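This is start_33.cif (mmCIF, C-alpha atoms).
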```
data_query
#
loop_
_atom_site.label_atom_id
_atom_site.label_comp_id
_atom_site.auth_asym_id
_atom_site.auth_seq_id
_atom_site.Cartn_x
_atom_site.Cartn_y
_atom_site.Cartn_z
CA MET A 8 -218.72 -84.02 164.30
CA THR A 9 -221.84 -86.18 164.39
CA ALA A 10 -223.77 -87.27 161.31
CA ALA A 11 -226.69 -85.08 162.45
CA GLN A 12 -224.44 -82.06 162.73
CA THR A 13 -223.01 -82.75 159.29
CA SER A 14 -226.50 -82.97 157.81
CA ALA A 15 -227.60 -79.76 159.52
CA MET A 16 -224.64 -77.84 158.09
CA ARG A 17 -225.17 -78.89 154.49
CA PRO A 18 -226.32 -76.34 151.93
CA VAL A 19 -229.87 -76.67 150.63
CA VAL A 20 -230.71 -75.64 147.08
CA VAL A 21 -234.38 -74.85 146.52
CA GLY A 22 -235.20 -75.48 142.88
CA ALA A 23 -234.06 -78.27 140.54
CA GLY A 24 -234.10 -76.24 137.35
CA TRP A 25 -230.91 -75.74 135.40
CA SER A 26 -229.68 -73.06 137.79
CA GLY A 27 -230.34 -75.09 140.92
CA LEU A 28 -228.71 -78.17 139.42
CA ALA A 29 -225.71 -76.10 138.30
CA CYS A 30 -225.40 -74.74 141.84
CA ALA A 31 -225.61 -78.22 143.39
CA ILE A 32 -222.99 -79.66 141.03
CA SER A 33 -220.65 -76.75 141.75
CA LEU A 34 -221.16 -77.28 145.49
CA VAL A 35 -220.26 -80.95 145.17
CA LEU A 36 -217.11 -80.00 143.26
CA ARG A 37 -216.24 -77.75 146.22
CA GLY A 38 -216.63 -80.59 148.72
CA HIS A 39 -220.25 -80.17 149.85
CA ARG A 40 -223.04 -82.73 149.88
CA PRO A 41 -226.04 -80.51 149.19
CA LEU A 42 -229.72 -81.27 149.41
CA VAL A 43 -231.79 -80.20 146.38
CA LEU A 44 -235.55 -79.66 146.78
CA ASP A 45 -238.15 -79.07 144.09
CA ALA A 46 -241.93 -78.93 144.22
CA ALA A 47 -242.33 -80.52 140.77
CA PRO A 48 -242.28 -84.26 140.08
CA HIS A 49 -239.46 -83.74 137.58
CA ALA A 50 -236.26 -81.71 137.36
CA GLY A 51 -235.43 -79.17 134.69
CA GLY A 52 -237.81 -76.32 135.54
CA ARG A 53 -238.81 -74.46 132.39
CA ALA A 54 -236.43 -76.48 130.19
CA ARG A 55 -237.56 -80.09 130.38
CA SER A 56 -239.32 -82.79 128.34
CA PHE A 57 -242.55 -84.73 128.63
CA THR A 58 -244.42 -87.32 126.56
CA HIS A 59 -247.47 -86.13 124.63
CA ALA A 60 -249.76 -87.62 122.01
CA LEU A 61 -249.20 -85.84 118.71
CA GLY A 62 -251.32 -87.15 115.90
CA SER A 63 -251.37 -90.94 115.96
CA ALA A 64 -248.42 -91.56 118.27
CA PRO A 65 -246.89 -90.31 121.54
CA VAL A 66 -243.66 -88.37 121.25
CA GLU A 67 -241.16 -86.76 123.62
CA LEU A 68 -241.66 -83.01 123.46
CA ASP A 69 -239.87 -80.15 125.19
CA ASN A 70 -241.90 -77.61 127.12
CA GLY A 71 -240.36 -75.05 124.81
CA GLN A 72 -237.92 -74.97 121.89
CA HIS A 73 -234.57 -73.92 123.35
CA LEU A 74 -231.55 -72.87 121.32
CA LEU A 75 -228.05 -72.79 122.72
CA LEU A 76 -225.06 -70.94 121.33
CA GLY A 77 -221.51 -72.15 120.98
CA GLY A 78 -220.50 -69.43 123.44
CA TYR A 79 -222.49 -71.06 126.25
CA ARG A 80 -219.25 -72.31 127.79
CA ALA A 81 -220.50 -72.69 131.36
CA THR A 82 -223.44 -74.84 130.25
CA LEU A 83 -221.37 -77.01 127.92
CA ASP A 84 -218.65 -77.51 130.55
CA LEU A 85 -221.25 -78.52 133.13
CA MET A 86 -222.83 -81.00 130.73
CA GLN A 87 -219.47 -82.62 130.16
CA THR A 88 -218.90 -82.77 133.92
CA VAL A 89 -222.02 -84.91 134.37
CA GLY A 90 -221.17 -87.15 131.43
CA VAL A 91 -223.16 -85.65 128.55
CA ASP A 92 -221.46 -86.09 125.16
CA CYS A 93 -222.03 -82.64 123.71
CA THR A 94 -220.75 -83.69 120.28
CA SER A 95 -223.56 -86.20 119.83
CA ALA A 96 -226.17 -84.27 121.86
CA PHE A 97 -226.19 -81.24 119.55
CA THR A 98 -226.15 -80.34 115.91
CA ARG A 99 -223.80 -77.40 115.49
CA SER A 100 -224.23 -75.02 112.57
CA PRO A 101 -223.00 -71.48 111.82
CA PHE A 102 -225.33 -68.71 112.94
CA ALA A 103 -227.92 -67.98 110.26
CA LEU A 104 -231.19 -66.18 109.69
CA THR A 105 -233.04 -67.75 106.77
CA TYR A 106 -236.49 -66.66 105.59
CA PRO A 107 -238.83 -68.66 103.37
CA ASP A 108 -238.66 -65.95 100.67
CA GLY A 109 -234.90 -66.52 100.24
CA TRP A 110 -233.54 -63.71 102.46
CA ARG A 111 -230.54 -65.22 104.23
CA LEU A 112 -227.67 -64.01 106.38
CA ALA A 113 -225.35 -66.81 107.52
CA ALA A 114 -222.03 -66.55 109.32
CA ALA A 115 -219.16 -68.56 107.84
CA ASP A 116 -217.09 -71.04 109.80
CA LEU A 117 -214.10 -68.69 109.89
CA PRO A 118 -212.14 -66.93 112.67
CA ALA A 119 -213.71 -63.72 114.01
CA PRO A 120 -214.36 -61.18 112.59
CA LEU A 121 -214.09 -62.93 109.22
CA HIS A 122 -217.17 -65.04 110.00
CA LEU A 123 -219.34 -61.90 109.92
CA ALA A 124 -217.53 -60.38 106.95
CA ALA A 125 -218.16 -63.54 104.97
CA ALA A 126 -221.79 -63.47 106.09
CA LEU A 127 -222.20 -60.01 104.56
CA LEU A 128 -220.50 -61.01 101.33
CA GLY A 129 -222.62 -64.11 100.95
CA ALA A 130 -225.90 -62.63 102.16
CA ARG A 131 -229.00 -62.95 100.01
CA GLY A 132 -231.62 -60.24 100.25
CA PRO A 133 -229.98 -57.32 102.11
CA THR A 134 -229.36 -54.28 99.95
CA LEU A 135 -225.92 -52.72 99.59
CA ALA A 136 -227.02 -49.92 101.91
CA GLU A 137 -228.13 -52.47 104.52
CA ARG A 138 -224.85 -54.38 104.28
CA TRP A 139 -222.83 -51.17 104.69
CA SER A 140 -225.01 -50.15 107.62
CA LEU A 141 -224.52 -53.51 109.34
CA THR A 142 -220.76 -53.32 108.79
CA ARG A 143 -220.49 -49.84 110.31
CA TRP A 144 -222.77 -50.74 113.23
CA SER A 145 -220.80 -53.89 114.07
CA LEU A 146 -217.42 -52.17 113.86
CA ARG A 147 -218.59 -49.24 115.98
CA HIS A 148 -219.80 -51.47 118.80
CA ALA A 149 -216.82 -53.81 118.57
CA ARG A 150 -214.50 -50.82 119.04
CA SER A 151 -216.50 -49.74 122.11
CA GLY A 152 -216.25 -53.22 123.62
CA TRP A 153 -220.00 -53.75 123.11
CA ARG A 154 -220.74 -51.27 125.89
CA TYR A 155 -223.60 -48.80 125.94
CA HIS A 156 -222.01 -45.71 127.43
CA ALA A 157 -225.24 -43.85 128.12
CA ALA A 158 -227.59 -44.77 130.93
CA ASP A 159 -229.50 -47.92 130.08
CA GLY A 160 -232.38 -47.44 127.69
CA PRO A 161 -234.52 -49.37 125.21
CA ALA A 162 -232.56 -51.61 122.87
CA ALA A 163 -234.44 -49.93 120.01
CA ALA A 164 -232.21 -46.88 120.59
CA LEU A 165 -229.20 -48.93 119.46
CA PHE A 166 -230.67 -49.09 115.97
CA ALA A 167 -231.99 -45.56 115.55
CA GLY A 168 -231.27 -44.51 111.99
CA GLU A 169 -230.51 -48.05 110.82
CA PRO A 170 -232.39 -49.34 107.75
CA ALA A 171 -235.91 -50.41 108.72
CA GLY A 172 -235.65 -53.60 106.68
CA LEU A 173 -232.52 -54.69 108.51
CA VAL A 174 -234.07 -53.96 111.90
CA ARG A 175 -237.14 -55.98 110.93
CA ARG A 176 -235.22 -58.92 109.44
CA LEU A 177 -232.18 -59.09 111.74
CA TRP A 178 -232.19 -57.09 114.96
CA ARG A 179 -235.81 -57.59 116.01
CA PRO A 180 -235.70 -61.41 115.56
CA LEU A 181 -232.42 -61.59 117.46
CA CYS A 182 -233.84 -59.55 120.32
CA LEU A 183 -236.97 -61.71 120.48
CA ALA A 184 -234.91 -64.91 120.39
CA ALA A 185 -232.39 -63.83 123.01
CA LEU A 186 -234.40 -61.56 125.33
CA ASN A 187 -237.98 -62.68 124.60
CA VAL A 188 -239.28 -59.12 124.26
CA GLU A 189 -239.52 -56.47 121.55
CA LEU A 190 -236.66 -54.02 121.03
CA GLU A 191 -238.70 -51.24 122.64
CA ASP A 192 -239.08 -53.27 125.86
CA ALA A 193 -235.53 -54.66 126.09
CA SER A 194 -232.48 -53.31 127.89
CA ALA A 195 -229.78 -52.02 125.57
CA HIS A 196 -227.11 -53.14 128.06
CA ILE A 197 -228.38 -56.71 128.21
CA LEU A 198 -228.80 -57.06 124.44
CA LEU A 199 -225.25 -55.81 123.86
CA ASN A 200 -223.95 -58.32 126.41
CA VAL A 201 -225.58 -61.12 124.41
CA LEU A 202 -224.27 -59.80 121.08
CA ARG A 203 -220.77 -59.37 122.53
CA ASP A 204 -220.59 -63.01 123.61
CA SER A 205 -222.10 -64.38 120.40
CA LEU A 206 -221.83 -62.43 117.15
CA GLY A 207 -219.03 -60.26 118.54
CA ALA A 208 -216.95 -63.24 119.67
CA ARG A 209 -215.40 -66.20 117.87
CA ALA A 210 -217.24 -67.88 115.00
CA ARG A 211 -217.55 -70.95 117.21
CA ASP A 212 -219.30 -68.88 119.89
CA SER A 213 -221.98 -67.65 117.50
CA ALA A 214 -222.79 -71.15 116.22
CA LEU A 215 -226.30 -72.45 116.83
CA LEU A 216 -226.54 -75.61 118.93
CA VAL A 217 -229.83 -77.42 118.39
CA PRO A 218 -230.41 -80.38 120.74
CA ARG A 219 -230.78 -83.78 119.12
CA ILE A 220 -232.42 -85.17 122.25
CA GLY A 221 -235.09 -84.01 124.67
CA LEU A 222 -234.16 -81.31 127.16
CA SER A 223 -234.57 -83.61 130.18
CA ARG A 224 -232.05 -86.08 128.77
CA LEU A 225 -229.84 -83.22 127.64
CA PHE A 226 -228.95 -82.22 131.21
CA PRO A 227 -231.38 -82.60 134.16
CA GLU A 228 -231.51 -86.42 134.19
CA ALA A 229 -227.74 -86.73 133.84
CA ALA A 230 -227.25 -84.05 136.51
CA ILE A 231 -229.44 -85.87 139.05
CA ALA A 232 -227.68 -89.18 138.39
CA TRP A 233 -224.30 -87.48 138.85
CA LEU A 234 -225.35 -85.66 142.03
CA THR A 235 -226.73 -88.84 143.59
CA ALA A 236 -223.55 -90.75 142.74
CA HIS A 237 -221.45 -88.03 144.40
CA GLY A 238 -223.23 -87.87 147.73
CA ALA A 239 -225.84 -85.19 147.11
CA GLU A 240 -229.55 -85.74 147.74
CA VAL A 241 -232.34 -84.69 145.39
CA ARG A 242 -235.96 -84.63 146.60
CA LEU A 243 -238.72 -83.94 144.09
CA HIS A 244 -242.38 -83.45 145.07
CA SER A 245 -240.98 -81.36 147.94
CA THR A 246 -242.56 -77.92 148.21
CA VAL A 247 -240.80 -75.45 150.49
CA THR A 248 -243.52 -73.51 152.28
CA ALA A 249 -241.48 -71.29 154.60
CA LEU A 250 -237.99 -70.24 155.65
CA GLU A 251 -236.62 -69.82 159.15
CA VAL A 252 -233.64 -67.52 159.37
CA GLY A 253 -231.29 -67.78 162.31
CA ASP A 254 -229.07 -65.10 163.79
CA SER A 255 -225.58 -64.42 162.42
CA GLY A 256 -225.94 -66.95 159.64
CA ALA A 257 -226.65 -69.88 161.93
CA GLY A 258 -229.76 -71.91 162.52
CA HIS A 259 -231.43 -71.62 159.12
CA ALA A 260 -234.22 -74.05 158.32
CA LEU A 261 -236.90 -74.79 155.74
CA CYS A 262 -240.40 -76.15 156.13
CA VAL A 263 -241.23 -78.90 153.64
CA ARG A 264 -244.64 -80.55 153.93
CA GLY A 265 -244.67 -80.14 157.67
CA GLU A 266 -241.06 -81.29 158.08
CA ARG A 267 -238.43 -78.88 159.39
CA LEU A 268 -235.08 -79.24 157.61
CA ALA A 269 -231.99 -77.57 159.04
CA ALA A 270 -229.57 -75.97 156.60
CA GLY A 271 -226.09 -74.53 156.82
CA SER A 272 -226.92 -72.24 153.90
CA ILE A 273 -229.87 -71.85 151.55
CA VAL A 274 -229.88 -71.04 147.84
CA LEU A 275 -233.20 -70.00 146.31
CA ALA A 276 -232.88 -71.02 142.65
CA LEU A 277 -236.45 -70.04 141.91
CA PRO A 278 -238.50 -67.70 139.74
CA ALA A 279 -238.50 -64.16 141.09
CA ASP A 280 -242.08 -64.22 142.35
CA ARG A 281 -241.65 -67.52 144.19
CA ALA A 282 -238.40 -66.34 145.79
CA ALA A 283 -240.16 -63.12 146.86
CA ASP A 284 -242.88 -65.14 148.58
CA LEU A 285 -240.36 -67.11 150.63
CA LEU A 286 -238.33 -64.04 151.62
CA ALA A 287 -241.33 -61.95 152.65
CA ASN A 288 -241.82 -61.34 156.38
CA VAL A 289 -238.82 -63.48 157.33
CA ASN A 290 -236.30 -60.83 158.30
CA ALA A 291 -236.45 -57.05 157.97
CA ALA A 292 -233.12 -57.04 156.13
CA LEU A 293 -234.66 -59.19 153.39
CA GLU A 294 -237.68 -56.99 152.70
CA PRO A 295 -235.96 -54.76 150.08
CA ALA A 296 -234.94 -57.88 148.16
CA SER A 297 -238.46 -59.29 148.37
CA GLN A 298 -239.98 -56.03 147.12
CA MET A 299 -237.46 -55.80 144.29
CA LEU A 300 -238.32 -59.33 143.18
CA ARG A 301 -242.04 -58.56 143.22
CA ALA A 302 -241.42 -55.78 140.71
CA VAL A 303 -239.90 -58.18 138.17
CA ARG A 304 -242.23 -58.83 135.23
CA PHE A 305 -242.48 -61.99 133.14
CA ALA A 306 -242.89 -62.74 129.45
CA PRO A 307 -244.36 -65.89 127.88
CA ILE A 308 -243.11 -68.22 125.16
CA ALA A 309 -245.43 -70.42 123.13
CA THR A 310 -244.29 -73.48 121.20
CA VAL A 311 -246.59 -75.19 118.72
CA TYR A 312 -245.72 -78.73 117.64
CA LEU A 313 -247.17 -80.04 114.39
CA ARG A 314 -246.91 -83.56 113.00
CA TYR A 315 -246.77 -84.02 109.23
CA ALA A 316 -246.34 -87.13 107.11
CA ALA A 317 -243.03 -88.95 107.50
CA GLY A 318 -240.35 -87.45 105.29
CA THR A 319 -241.75 -83.91 105.43
CA ARG A 320 -238.82 -81.50 105.50
CA LEU A 321 -238.28 -77.76 105.67
CA THR A 322 -235.85 -76.16 103.23
CA TYR A 323 -233.52 -75.46 106.19
CA PRO A 324 -233.52 -77.04 109.67
CA VAL A 325 -234.23 -73.59 111.18
CA LEU A 326 -236.30 -70.94 109.42
CA THR A 327 -237.11 -67.41 110.53
CA LEU A 328 -240.73 -66.48 109.88
CA GLN A 329 -242.17 -63.01 109.31
CA ASP A 330 -244.87 -62.69 111.90
CA ASP A 331 -247.86 -60.47 111.22
CA PRO A 332 -250.65 -60.85 113.80
CA ARG A 333 -253.04 -58.89 111.57
CA GLN A 334 -252.95 -61.83 109.17
CA GLY A 335 -252.97 -64.42 111.95
CA HIS A 336 -249.24 -65.07 111.42
CA HIS A 337 -247.88 -65.32 114.97
CA GLY A 338 -245.00 -67.78 114.48
CA GLN A 339 -241.46 -66.36 114.48
CA TRP A 340 -239.24 -69.44 114.15
CA ALA A 341 -239.82 -72.89 112.63
CA PHE A 342 -237.67 -75.91 113.46
CA ASP A 343 -237.53 -79.13 111.47
CA ARG A 344 -237.15 -81.57 114.35
CA GLY A 345 -236.83 -84.59 112.08
CA ALA A 346 -233.76 -83.10 110.38
CA ARG A 347 -231.74 -83.85 113.52
CA ASP A 348 -233.60 -86.66 115.26
CA PRO A 349 -235.08 -89.57 113.26
CA ALA A 350 -237.57 -90.20 116.08
CA MET A 351 -239.05 -86.75 115.32
CA ASP A 352 -239.50 -87.37 111.60
CA GLY A 353 -242.24 -85.14 110.22
CA ILE A 354 -242.47 -82.94 113.33
CA VAL A 355 -242.11 -79.17 113.07
CA SER A 356 -242.01 -76.83 116.06
CA VAL A 357 -242.90 -73.16 115.81
CA VAL A 358 -241.93 -70.61 118.47
CA ILE A 359 -243.63 -67.36 119.46
CA SER A 360 -241.68 -65.16 121.86
CA GLY A 361 -243.09 -62.54 124.19
CA GLU A 362 -246.54 -61.06 124.51
CA GLY A 363 -248.93 -60.72 121.59
CA PRO A 364 -252.47 -61.22 120.33
CA TYR A 365 -251.87 -64.97 120.18
CA ARG A 366 -252.37 -65.06 123.95
CA ALA A 367 -256.12 -64.66 123.39
CA LEU A 368 -256.25 -67.97 121.48
CA ASP A 369 -256.82 -71.31 123.17
CA ARG A 370 -254.52 -74.26 122.45
CA ASP A 371 -256.58 -75.62 119.55
CA ALA A 372 -257.08 -72.24 117.88
CA LEU A 373 -253.37 -71.43 118.17
CA GLY A 374 -252.43 -74.77 116.60
CA GLN A 375 -254.84 -74.19 113.71
CA THR A 376 -253.56 -70.66 113.17
CA ILE A 377 -249.91 -71.77 113.04
CA ALA A 378 -250.82 -74.59 110.64
CA LEU A 379 -252.37 -72.02 108.29
CA GLN A 380 -249.29 -69.79 108.58
CA LEU A 381 -246.99 -72.69 107.61
CA ARG A 382 -249.25 -73.51 104.70
CA SER A 383 -249.07 -69.89 103.51
CA ALA A 384 -245.34 -69.37 104.10
CA LEU A 385 -243.95 -72.84 103.35
CA GLY A 386 -246.60 -74.62 101.35
CA LEU A 387 -247.04 -77.37 103.95
CA PRO A 388 -250.26 -79.42 103.89
CA ALA A 389 -252.67 -79.70 106.80
CA PRO A 390 -250.89 -81.40 109.72
CA LEU A 391 -251.85 -84.82 111.04
CA GLY A 392 -251.94 -83.40 114.55
CA TYR A 393 -250.75 -80.47 116.63
CA THR A 394 -250.47 -79.20 120.17
CA ALA A 395 -249.52 -75.86 121.71
CA ILE A 396 -247.56 -75.27 124.92
CA THR A 397 -247.38 -71.83 126.52
CA GLU A 398 -245.03 -71.08 129.40
CA LYS A 399 -246.64 -67.97 130.88
CA HIS A 400 -243.60 -67.13 133.01
CA ALA A 401 -240.99 -68.39 130.57
CA THR A 402 -238.56 -65.51 131.16
CA ILE A 403 -238.26 -62.28 133.04
CA VAL A 404 -238.70 -59.06 131.10
CA PRO A 405 -235.15 -57.65 130.74
CA ALA A 406 -236.40 -54.08 130.80
CA PRO A 407 -234.09 -51.04 130.74
CA GLY A 408 -232.79 -50.41 134.23
CA LEU A 409 -233.91 -53.83 135.48
CA ARG A 410 -232.97 -54.28 139.14
CA ARG A 411 -232.65 -57.61 140.91
CA PRO A 412 -231.02 -58.46 144.25
CA ASP A 413 -227.43 -59.63 144.40
CA ALA A 414 -226.81 -63.36 144.60
CA VAL A 415 -225.54 -62.85 148.16
CA LEU A 416 -228.48 -61.69 150.28
CA PRO A 417 -228.02 -59.35 153.30
CA VAL A 418 -228.52 -62.21 155.77
CA ALA A 419 -225.51 -64.51 156.07
CA GLY A 420 -226.08 -67.93 154.58
CA LEU A 421 -228.86 -66.94 152.18
CA TYR A 422 -228.33 -66.74 148.41
CA LEU A 423 -230.24 -66.31 145.15
CA ALA A 424 -229.73 -68.00 141.79
CA GLY A 425 -231.61 -68.24 138.51
CA ASP A 426 -233.72 -65.38 137.20
CA ALA A 427 -234.14 -63.99 140.70
CA ALA A 428 -230.46 -63.00 141.02
CA ASP A 429 -228.84 -59.95 139.47
CA SER A 430 -227.11 -60.83 136.20
CA PRO A 431 -225.82 -59.14 133.05
CA TYR A 432 -227.67 -61.76 131.00
CA PRO A 433 -231.30 -62.37 130.12
CA SER A 434 -233.31 -65.50 130.98
CA THR A 435 -231.25 -67.93 128.96
CA ILE A 436 -229.99 -71.37 129.91
CA GLU A 437 -226.47 -69.97 130.05
CA GLY A 438 -227.52 -67.13 132.34
CA SER A 439 -229.26 -69.59 134.65
CA VAL A 440 -226.26 -71.90 134.80
CA ARG A 441 -223.83 -69.06 135.44
CA SER A 442 -225.95 -67.72 138.29
CA GLY A 443 -226.07 -71.15 139.92
CA ILE A 444 -222.31 -71.47 139.70
CA ALA A 445 -221.90 -67.96 141.14
CA ALA A 446 -224.09 -68.80 144.16
CA ALA A 447 -222.02 -71.92 144.86
CA ALA A 448 -218.82 -69.87 144.60
CA ALA A 449 -220.22 -67.39 147.12
CA ILE A 450 -220.86 -70.22 149.59
CA GLY A 451 -217.29 -71.46 149.16
CA PRO A 452 -215.79 -74.67 150.59
CA PRO A 453 -217.20 -76.51 153.64
#
```
As structure tokens, how would this structure be written, given the file I've shared?
Amino acid sequence: MTAAQTSAMRPVVVGAGWSGLACAISLVLRGHRPLVLDAAPHAGGRARSFTHALGSAPVELDNGQHLLLGGYRATLDLMQTVGVDCTSAFTRSPFALTYPDGWRLAAADLPAPLHLAAALLGARGPTLAERWSLTRWSLRHARSGWRYHAADGPAAALFAGEPAGLVRRLWRPLCLAALNVELEDASAHILLNVLRDSLGARARDSALLVPRIGLSRLFPEAAIAWLTAHGAEVRLHSTVTALEVGDSGAGHALCVRGERLAAGSIVLALPADRAADLLANVNAALEPASQMLRAVRFAPIATVYLRYAAGTRLTYPVLTLQDDPRQGHHGQWAFDRGARDPAMDGIVSVVISGEGPYRALDRDALGQTIALQLRSALGLPAPLGYTAITEKHATIVPAPGLRRPDAVLPVAGLYLAGDAADSPYPSTIEGSVRSGIAAAAAIGPP
């Protein structure tokens, strides 16, 4: 076999986000030497870092505040594969919802299901009726295996008849954090899958993992170094403009800035709309997949970073905020970045998930509004500086009955990964990583 033939038969992964990188690493572990292409000048997709002036000094910021859970086994295993020390990269703490007014529900570091039982016993704020309701609800769904036996419907239906205060303080924030949409817009099946693998699993699986370092250093940079050292090739600034699909799974190619690149197989680890564009008008068998992807909707996430005087601390490293857009209170979560990283001393990040009236505000107005909310809720002074970052297509909308194409497309040698591929999980880092690994498994060995 000639070198040219070997190169032509290699798999090509389009997209160097977490899913594409996971796919490429898994391919290397199976004996391939893949080529990874990405249009951006940096890897990491929607979970990466950049340097930005905040107040009087530049600082490394993430393009969104991402939380991981202890149950994200595929992600943590992959990080260890590429040499990331997960013990030092994260701060691990038991799952907790803590509000500025003292309401708190925190899981204990005990074997399941004792971690949740202890959380109920030690909770501050929930009434006896709310605690009993939460106990019954959890036991009922644990006995059913966290399955929704009816046809998929809005996640709000899971909590019909539950105390309104508990829905507002617990279930709605969890849905926004995990699925990035309101309970009424979320799939009951997908939310139960998340709860099964977190709160319904071991105490260790429900633990919150907050990165101590920027997202780019957390995985993408280490992944690229590992891939390069193991014979893979990564090309950034490389926009794929078209696909050429051969007959019977042979003769695939991609067009990249006027260059034609042959490929043994192609994985599109891209957002649904971008994957739809590349699949359109390529092969009649791919049209249903392209149309299905065009029907996928997206939801935004906004992150506001605020710099305060050195030494400024929140009462807890992570606080849940009661949002009320009517009062200009849009923030839902506040993170004390300096509590875990001395280089971020005095920096607080506030997250807003999903659609909302905040979208009508420009960056400066949103920063000012969040600063006023933190002053009202936490008593913080005016910040020394702030900036707002909105990812308009941060996640897909995991609507009831959501349909996405299978990872294995109906033309041999073509695959999907990332949010574009069918998955029982929402747009989380773990879901992205798992889909990348699944696409590599479908390709198999050389």
_Within 8 Å of Ala229 (chain A) using all atoms listed in the file, minus same-chain residues under 3 positions, as a list in words_ = Val89, Gly90, Val91, Arg224, Leu225, Phe226, Ala232 and Trp233 of chain A
Go ahead and save the picked residues with C-alpha atoms, as a short mmCIF file (atom, residue, chain, number, x, y, z; two decimals), keeping the file's coordinate frame.
```cif
data_model
loop_
_atom_site.label_atom_id
_atom_site.label_comp_id
_atom_site.auth_asym_id
_atom_site.auth_seq_id
_atom_site.Cartn_x
_atom_site.Cartn_y
_atom_site.Cartn_z
CA VAL A 89 -222.02 -84.91 134.37
CA GLY A 90 -221.17 -87.15 131.43
CA VAL A 91 -223.16 -85.65 128.55
CA ARG A 224 -232.05 -86.08 128.77
CA LEU A 225 -229.84 -83.22 127.64
CA PHE A 226 -228.95 -82.22 131.21
CA ALA A 232 -227.68 -89.18 138.39
CA TRP A 233 -224.30 -87.48 138.85
#
```
_Residues returned when the PyMOL selection byres ((chain A and resi 409) around 12) runs on this file, as a VMD selection string_ = chain A and resid 158 to 161 192 to 197 299 to 300 302 to 304 403 to 408 410 to 412 426 to 433
Using C-alpha atoms, can you write the selected residues to a file as a compact mmCIF listing (two decimals), in the coordinates of the input?
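result05.txt, written as the output of this step:
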```
# COMPACT_ATOMS: atom_id res chain seq x y z
CA ALA A 158 -227.59 -44.77 130.93
CA ASP A 159 -229.50 -47.92 130.08
CA GLY A 160 -232.38 -47.44 127.69
CA PRO A 161 -234.52 -49.37 125.21
CA ASP A 192 -239.08 -53.27 125.86
CA ALA A 193 -235.53 -54.66 126.09
CA SER A 194 -232.48 -53.31 127.89
CA ALA A 195 -229.78 -52.02 125.57
CA HIS A 196 -227.11 -53.14 128.06
CA ILE A 197 -228.38 -56.71 128.21
CA MET A 299 -237.46 -55.80 144.29
CA LEU A 300 -238.32 -59.33 143.18
CA ALA A 302 -241.42 -55.78 140.71
CA VAL A 303 -239.90 -58.18 138.17
CA ARG A 304 -242.23 -58.83 135.23
CA ILE A 403 -238.26 -62.28 133.04
CA VAL A 404 -238.70 -59.06 131.10
CA PRO A 405 -235.15 -57.65 130.74
CA ALA A 406 -236.40 -54.08 130.80
CA PRO A 407 -234.09 -51.04 130.74
CA GLY A 408 -232.79 -50.41 134.23
CA ARG A 410 -232.97 -54.28 139.14
CA ARG A 411 -232.65 -57.61 140.91
CA PRO A 412 -231.02 -58.46 144.25
CA ASP A 426 -233.72 -65.38 137.20
CA ALA A 427 -234.14 -63.99 140.70
CA ALA A 428 -230.46 -63.00 141.02
CA ASP A 429 -228.84 -59.95 139.47
CA SER A 430 -227.11 -60.83 136.20
CA PRO A 431 -225.82 -59.14 133.05
CA TYR A 432 -227.67 -61.76 131.00
CA PRO A 433 -231.30 -62.37 130.12
```
*Picked residues, the PyMOL selection byres ((chain A and resi 23) around 8), expected as a VMD selection string*: chain A and resid 20 to 22 24 to 28 43 to 45 50 to 52 276
For region 164-176 of chain A: contacts at 9 Å, only C-alpha atoms, fewer than 4 positions along chain excluded, given as a PDB file with C-alpha atoms, in the frame of the given file:
```pdb
ATOM      1  CA  LEU A 104    -231.190 -66.180 109.690  1.00  0.00           C
ATOM      2  CA  TYR A 106    -236.490 -66.660 105.590  1.00  0.00           C
ATOM      3  CA  TRP A 110    -233.540 -63.710 102.460  1.00  0.00           C
ATOM      4  CA  PRO A 133    -229.980 -57.320 102.110  1.00  0.00           C
ATOM      5  CA  ALA A 136    -227.020 -49.920 101.910  1.00  0.00           C
ATOM      6  CA  GLU A 137    -228.130 -52.470 104.520  1.00  0.00           C
ATOM      7  CA  ARG A 138    -224.850 -54.380 104.280  1.00  0.00           C
ATOM      8  CA  SER A 140    -225.010 -50.150 107.620  1.00  0.00           C
ATOM      9  CA  LEU A 141    -224.520 -53.510 109.340  1.00  0.00           C
ATOM     10  CA  TRP A 144    -222.770 -50.740 113.230  1.00  0.00           C
ATOM     11  CA  TYR A 155    -223.600 -48.800 125.940  1.00  0.00           C
ATOM     12  CA  GLY A 160    -232.380 -47.440 127.690  1.00  0.00           C
ATOM     13  CA  PRO A 180    -235.700 -61.410 115.560  1.00  0.00           C
ATOM     14  CA  LEU A 181    -232.420 -61.590 117.460  1.00  0.00           C
ATOM     15  CA  LEU A 190    -236.660 -54.020 121.030  1.00  0.00           C
ATOM     16  CA  GLU A 191    -238.700 -51.240 122.640  1.00  0.00           C
ATOM     17  CA  ALA A 195    -229.780 -52.020 125.570  1.00  0.00           C
ATOM     18  CA  THR A 327    -237.110 -67.410 110.530  1.00  0.00           C
ATOM     19  CA  GLN A 329    -242.170 -63.010 109.310  1.00  0.00           C
TER      20      GLN A 329
END
```
*List the neighbours of Arg80 (chain A) out to 12 Å using all atoms listed in the file; skip same-chain residues closer than 5 positions along the sequence, and give me the result as a list in words.*
Leu75, Leu85, Met86, Gln87, Cys93, Asp204, Ser205, Arg211, Asp212, Ser213, Leu216, Ile436, Glu437, Gly438, Val440 and Arg441 of chain A
_Starting from the PyMOL selection byres ((chain A and resi 286) around 12), expand the selection into actual residues of this file and give them as a PyMOL selection string._
chain A and resi 247-252+261+273-275+277+279-285+287-301+412+416-418+421-423+427
